[in-house]
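Trainee: Here you go, one structure.
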Amino acid sequence: MHPTVSLVAGPLRAGAAVVAVAVRPGDAGAALAGGADVVAGLGVDAAGVLAARKSTGDAGEIVEVPVGRDGVDTLLLVGIGDGGPAALRKAAAAVVRRSARAADVVTNLADGASPDAAAAAAEAAVLAGFSFSRRSDPSDKPALAVRLVGPADCAAAVADAVAIAEATCLARELAATPSLEKTPEWMVDRIRALAGDAHLDVTVWDERRLAAEGFGGIAAVGRGSARPPRLVQLDYAPGDVEGGRIVLVGKGITFDSGGLTLKPLDNMKPMKTDMSGAAAVVATMSALHRLGVRRRVTALVPLAENLLGGDAMRPGDVLRQYGGRYVEVLNTDAEGRLVLADALAYAVARLDPSEVVDIATLTGAATLGLGKRHAALYSTSPSLRDALVEAGRRGGERLWPMPLVDGYRDSLDSPVADLRNVGDPDLGYSGGSIVAALFLREFVGTVPWAHLDVAGPARADADEDEITKGPTGFGVRTFLRYLA
């Protein structure tokens, strides 16, 4: 569930359980950025309250004033900092969190804002109020309704931002769904249910077709589970296409035990979210028509459950990936790159892409230097890399370019196959995220390619601004801004 957000033109009026009024910093202390008549009409001395609370007007700062009159329960005086997109994103998220128990909120956060800033506020309002539950007594409380007072020329930007935020919430929902329910076939059913309204064509490979057509990586990873693997292709082709085909690939491991290279318990607990890359790609595709994207886009979603079983993939196995490359498996917990390799090789061989972008919760190593708020970005194309970084910046998602160190490539050499699926630790290179990216690069040929390792930012340990604890839907905001 998530809030509904709409833009209302005209002056701020008190007509909701919560009224949130923007406050900006000033030399003499924080001051209202508008709505003074509404605040006065509620019987509140804004200047006195702000001074007493030593308000700074910094972005996201909230001074709460109980009201209890004229249908208004609470007045929130909300700092908007410099009023730019990043500041309004933080402010809107703070308002929604503080209003969680209310039915509706009206705010002038977007009044006088640029279209980009108003869009950031709308997007954050949707995202900060996201929730997911499988409780036996779910709340029947309706979603919070948020009305943003702002200029009419921001309407299109706000509508697009709401569409992007709702797609991000879809990605969060898919990733949050427990793996008991979320089988590869369940994912296929959800994708098919979305496809009609999203104007997508769907093609599905079952386990027999995967084996027959040479998708050895996907087939091997899914062998240990009683719930067989799938590969899904989603095609979006608007009538007036601009440019070549862009292919998005998302890792879809619906649960990752590590296979025979078993994970420790604490590392296994969040592994229902190991399909966050697939969730991001599916959610991106679901919003393309709504946003009027004119690019031809294809998504490939390899889906498998990496479990222990009588036929599970073993360390020492040699797999034939799609296209004929042989890979020696030395760690069954490095399975994501095996399913991605099949999808990447298929994309290059069969889809004639102008560029390929993959996204995956691939390596814990990516979090060691970048923490949990940046994605590691690898690319063979400087222009593609820079465009993704800029799209991420505009969407509030942080991507950090990382090097493809050619000197590390020999750590993937195998004495019995074309490649091994993990680096040789005896060479002492470490750099697990880099080595994983180098492995994937082997399957994209000369096509411009980018890889997002989102093992850190795909999951959040706590609420922070528009990010809610749990799956974050990272990548959707970047992809949709890039494609649009």
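Residues in the structure tokens are named by chain (A, B, ... in the order shown) and by number from 1 within that chain; ligands are numbered from 1 in the order shown.
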Neighbouring residues of Ala345 (chain A) were defined as those with any atom within 10 Å, considering only C-alpha atoms; residues of the same chain fewer than 4 positions away were excluded. Please report them as an NGL selection string.

Mentor: :A and (215 or 321-325 or 340-341 or 349-351 or 440-445)

Trainee: List the neighbours of Ala437 (chain A) out to 9 Å using only C-alpha atoms; skip same-chain residues closer than 5 positions along the sequence, and give me the result as a list in words.

Mentor: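 Here the answer would be Arg337, Tyr378, Ser379, Leu404, Gly432, Glu442, His451 and Asp453 of chain A.
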
Trainee: Counting only C-alpha atoms, what are the residues of region 271-360 of chain A within 12 Å of region 418-431 of chain A, and for each of them which pair of atoms is the nearest and at what distance in Å, to one decimal? Sort the table by chain and rising number, as a tab-separated table.

Mentor:
```
residue	atom	partner	partner_atom	distance
A:Pro315	CA	A:Asn421	CA	10.2
A:Gly316	CA	A:Arg420	CA	9.5
A:Asp317	CA	A:Arg420	CA	10.1
A:Val318	CA	A:Arg420	CA	8.7
A:Leu319	CA	A:Arg420	CA	9.9
A:Arg320	CA	A:Asp418	CA	9.7
A:Gln321	CA	A:Asp418	CA	10.5
A:Gly324	CA	A:Asp418	CA	9.7
A:Arg325	CA	A:Asp418	CA	6.3
A:Tyr326	CA	A:Asp418	CA	5.2
A:Val327	CA	A:Leu419	CA	4.8
A:Glu328	CA	A:Arg420	CA	4.5
A:Val329	CA	A:Asn421	CA	5.4
A:Leu330	CA	A:Asn421	CA	6.4
A:Asn331	CA	A:Val422	CA	6.8
A:Thr332	CA	A:Asn421	CA	8.8
A:Asp333	CA	A:Val422	CA	9.7
A:Ala334	CA	A:Asn421	CA	6.8
A:Glu335	CA	A:Asn421	CA	8.2
A:Gly336	CA	A:Asn421	CA	9.9
A:Arg337	CA	A:Asn421	CA	7.6
A:Leu338	CA	A:Asn421	CA	7.5
A:Val339	CA	A:Asn421	CA	11.3
A:Leu340	CA	A:Asn421	CA	11.8
A:Ala341	CA	A:Asn421	CA	10.4
```

Trainee: Need the shell around region 92-99 of chain A: protein/DNA/RNA residues with any atom at most 6 Å away, counting only C-alpha atoms. Skip same-chain ones fewer than 6 positions apart. Format as an mmCIF file with N, CA and C atoms, in the first residue's frame?

Mentor:
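The new file part23.cif reads:
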```cif
data_model
loop_
_atom_site.group_PDB
_atom_site.id
_atom_site.type_symbol
_atom_site.label_atom_id
_atom_site.label_comp_id
_atom_site.auth_asym_id
_atom_site.auth_seq_id
_atom_site.Cartn_x
_atom_site.Cartn_y
_atom_site.Cartn_z
ATOM 1 N N GLY A 60 13.408 18.846 5.706
ATOM 2 C CA GLY A 60 12.937 17.696 6.459
ATOM 3 C C GLY A 60 12.684 17.953 7.924
ATOM 4 N N ALA A 121 9.019 16.004 -4.784
ATOM 5 C CA ALA A 121 8.139 15.968 -3.621
ATOM 6 C C ALA A 121 7.043 14.928 -3.793
ATOM 7 N N ALA A 124 8.523 11.347 -3.538
ATOM 8 C CA ALA A 124 8.876 10.993 -2.167
ATOM 9 C C ALA A 124 7.634 10.744 -1.321
ATOM 10 N N ALA A 125 6.566 11.498 -1.572
ATOM 11 C CA ALA A 125 5.342 11.309 -0.806
ATOM 12 C C ALA A 125 4.763 9.919 -1.023
ATOM 13 N N ALA A 128 7.588 7.246 0.594
ATOM 14 C CA ALA A 128 7.797 7.224 2.047
ATOM 15 C C ALA A 128 6.648 6.546 2.775
ATOM 16 N N ASP A 465 14.319 9.016 4.821
ATOM 17 C CA ASP A 465 13.682 9.844 3.796
ATOM 18 C C ASP A 465 12.652 9.004 3.038
ATOM 19 N N GLU A 466 12.727 8.955 1.705
ATOM 20 C CA GLU A 466 11.712 8.214 0.953
ATOM 21 C C GLU A 466 11.956 6.712 0.929
#
```

Trainee: Near Leu399 (chain A), counting only C-alpha atoms, which residues have an atom at most 7 Å away, once you skip same-chain residues fewer than 6 positions from it, shown as a PyMOL selection string?

Mentor: chain A and resi 374-377+389+392

Trainee: Keeping only C-alpha atoms, write those residues as a short mmCIF file (atom, residue, chain, number, x, y, z; two decimals), in the first residue's frame.

Mentor:
```
data_model
loop_
_atom_site.label_atom_id
_atom_site.label_comp_id
_atom_site.auth_asym_id
_atom_site.auth_seq_id
_atom_site.Cartn_x
_atom_site.Cartn_y
_atom_site.Cartn_z
CA HIS A 374 25.29 3.52 -3.68
CA ALA A 375 25.07 1.03 -6.53
CA ALA A 376 28.31 -0.08 -8.15
CA LEU A 377 28.12 0.79 -11.84
CA VAL A 389 24.56 8.32 -13.42
CA GLY A 392 20.06 8.27 -11.07
#
```

Trainee: Report, in Å with one decimal, the straight-line distance from CA of Ala36 (chain A) to CA of Val23 (chain A).

Mentor: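 So the answer is 10.5 Å.
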
Trainee: DSSP on the backbone: what in region 319-479 of chain A comes out alpha helix (DSSP H), as a PyMOL selection string?

Mentor: chain A and resi 336-350+365-370+382-395+432-441+476-479

Trainee: Kindly save the residues from that selection, with C-alpha atoms included, as a PDB file, in the first residue's frame.

Mentor:
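Listing of selection-v9.pdb after writing:
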```pdb
ATOM      1  CA  GLY A 336      23.375 -14.845 -10.115  1.00  0.00           C
ATOM      2  CA  ARG A 337      26.083 -14.343 -12.706  1.00  0.00           C
ATOM      3  CA  LEU A 338      25.257 -17.731 -14.236  1.00  0.00           C
ATOM      4  CA  VAL A 339      21.624 -16.858 -14.937  1.00  0.00           C
ATOM      5  CA  LEU A 340      22.575 -13.359 -16.094  1.00  0.00           C
ATOM      6  CA  ALA A 341      25.201 -14.767 -18.451  1.00  0.00           C
ATOM      7  CA  ASP A 342      22.571 -16.830 -20.270  1.00  0.00           C
ATOM      8  CA  ALA A 343      20.275 -13.826 -20.613  1.00  0.00           C
ATOM      9  CA  LEU A 344      23.054 -11.479 -21.747  1.00  0.00           C
ATOM     10  CA  ALA A 345      24.346 -13.956 -24.331  1.00  0.00           C
ATOM     11  CA  TYR A 346      20.827 -14.485 -25.659  1.00  0.00           C
ATOM     12  CA  ALA A 347      20.224 -10.736 -25.876  1.00  0.00           C
ATOM     13  CA  VAL A 348      23.368 -10.178 -27.920  1.00  0.00           C
ATOM     14  CA  ALA A 349      22.822 -13.188 -30.195  1.00  0.00           C
ATOM     15  CA  ARG A 350      19.102 -12.820 -30.856  1.00  0.00           C
ATOM     16  CA  ALA A 365      31.770  -7.095  -2.060  1.00  0.00           C
ATOM     17  CA  ALA A 366      30.025  -4.124  -3.698  1.00  0.00           C
ATOM     18  CA  THR A 367      28.916  -2.907  -0.277  1.00  0.00           C
ATOM     19  CA  LEU A 368      32.377  -2.969   1.292  1.00  0.00           C
ATOM     20  CA  GLY A 369      33.588   0.254  -0.266  1.00  0.00           C
ATOM     21  CA  LEU A 370      30.290   1.882  -1.253  1.00  0.00           C
ATOM     22  CA  PRO A 382      31.318   6.072 -21.158  1.00  0.00           C
ATOM     23  CA  SER A 383      28.232   7.703 -22.657  1.00  0.00           C
ATOM     24  CA  LEU A 384      25.900   5.010 -21.309  1.00  0.00           C
ATOM     25  CA  ARG A 385      27.620   5.172 -17.926  1.00  0.00           C
ATOM     26  CA  ASP A 386      27.276   8.946 -17.699  1.00  0.00           C
ATOM     27  CA  ALA A 387      23.645   8.895 -18.804  1.00  0.00           C
ATOM     28  CA  LEU A 388      22.740   6.358 -16.122  1.00  0.00           C
ATOM     29  CA  VAL A 389      24.560   8.325 -13.421  1.00  0.00           C
ATOM     30  CA  GLU A 390      22.676  11.483 -14.412  1.00  0.00           C
ATOM     31  CA  ALA A 391      19.328   9.657 -14.525  1.00  0.00           C
ATOM     32  CA  GLY A 392      20.058   8.272 -11.071  1.00  0.00           C
ATOM     33  CA  ARG A 393      20.935  11.726  -9.754  1.00  0.00           C
ATOM     34  CA  ARG A 394      17.654  13.155 -11.004  1.00  0.00           C
ATOM     35  CA  GLY A 395      15.758  10.244  -9.466  1.00  0.00           C
ATOM     36  CA  GLY A 432      34.836  -9.532  -5.887  1.00  0.00           C
ATOM     37  CA  SER A 433      32.404  -7.059  -7.417  1.00  0.00           C
ATOM     38  CA  ILE A 434      34.894  -6.159 -10.157  1.00  0.00           C
ATOM     39  CA  VAL A 435      35.610  -9.804 -10.932  1.00  0.00           C
ATOM     40  CA  ALA A 436      31.884 -10.561 -11.143  1.00  0.00           C
ATOM     41  CA  ALA A 437      31.458  -7.674 -13.604  1.00  0.00           C
ATOM     42  CA  LEU A 438      34.377  -8.985 -15.659  1.00  0.00           C
ATOM     43  CA  PHE A 439      32.650 -12.372 -15.791  1.00  0.00           C
ATOM     44  CA  LEU A 440      29.472 -10.790 -17.165  1.00  0.00           C
ATOM     45  CA  ARG A 441      31.449  -8.743 -19.695  1.00  0.00           C
ATOM     46  CA  VAL A 476      13.299   1.796 -11.241  1.00  0.00           C
ATOM     47  CA  ARG A 477      13.632   5.564 -10.863  1.00  0.00           C
ATOM     48  CA  THR A 478      16.946   5.531 -12.713  1.00  0.00           C
ATOM     49  CA  PHE A 479      15.752   3.345 -15.566  1.00  0.00           C
TER      50      PHE A 479
END
```

Trainee: Output as a tab-separated table one row per residue of region 99-184 of chain A within 12 Å of region 224-228 of chain A: the closest atom pair and its distance in Å to one decimal place, counting only C-alpha atoms, sorted by chain and residue number ascending.

Mentor:
```
residue	atom	partner	partner_atom	distance
A:Ser179	CA	A:Arg227	CA	11.1
A:Leu180	CA	A:Arg227	CA	10.5
A:Glu181	CA	A:Arg227	CA	11.1
A:Lys182	CA	A:Arg227	CA	10.2
A:Thr183	CA	A:Arg227	CA	6.6
A:Pro184	CA	A:Pro228	CA	7.0
```

Trainee: Can you pull out every residue within 10 Å of region 16-19 of chain A, counting only C-alpha atoms, but drop anything in the same chain fewer than 6 positions away, and send it as a VMD selection string?

Mentor: chain A and resid 38 to 39 42 66 to 77 95 to 96 98 to 99 101 to 108 145 to 147
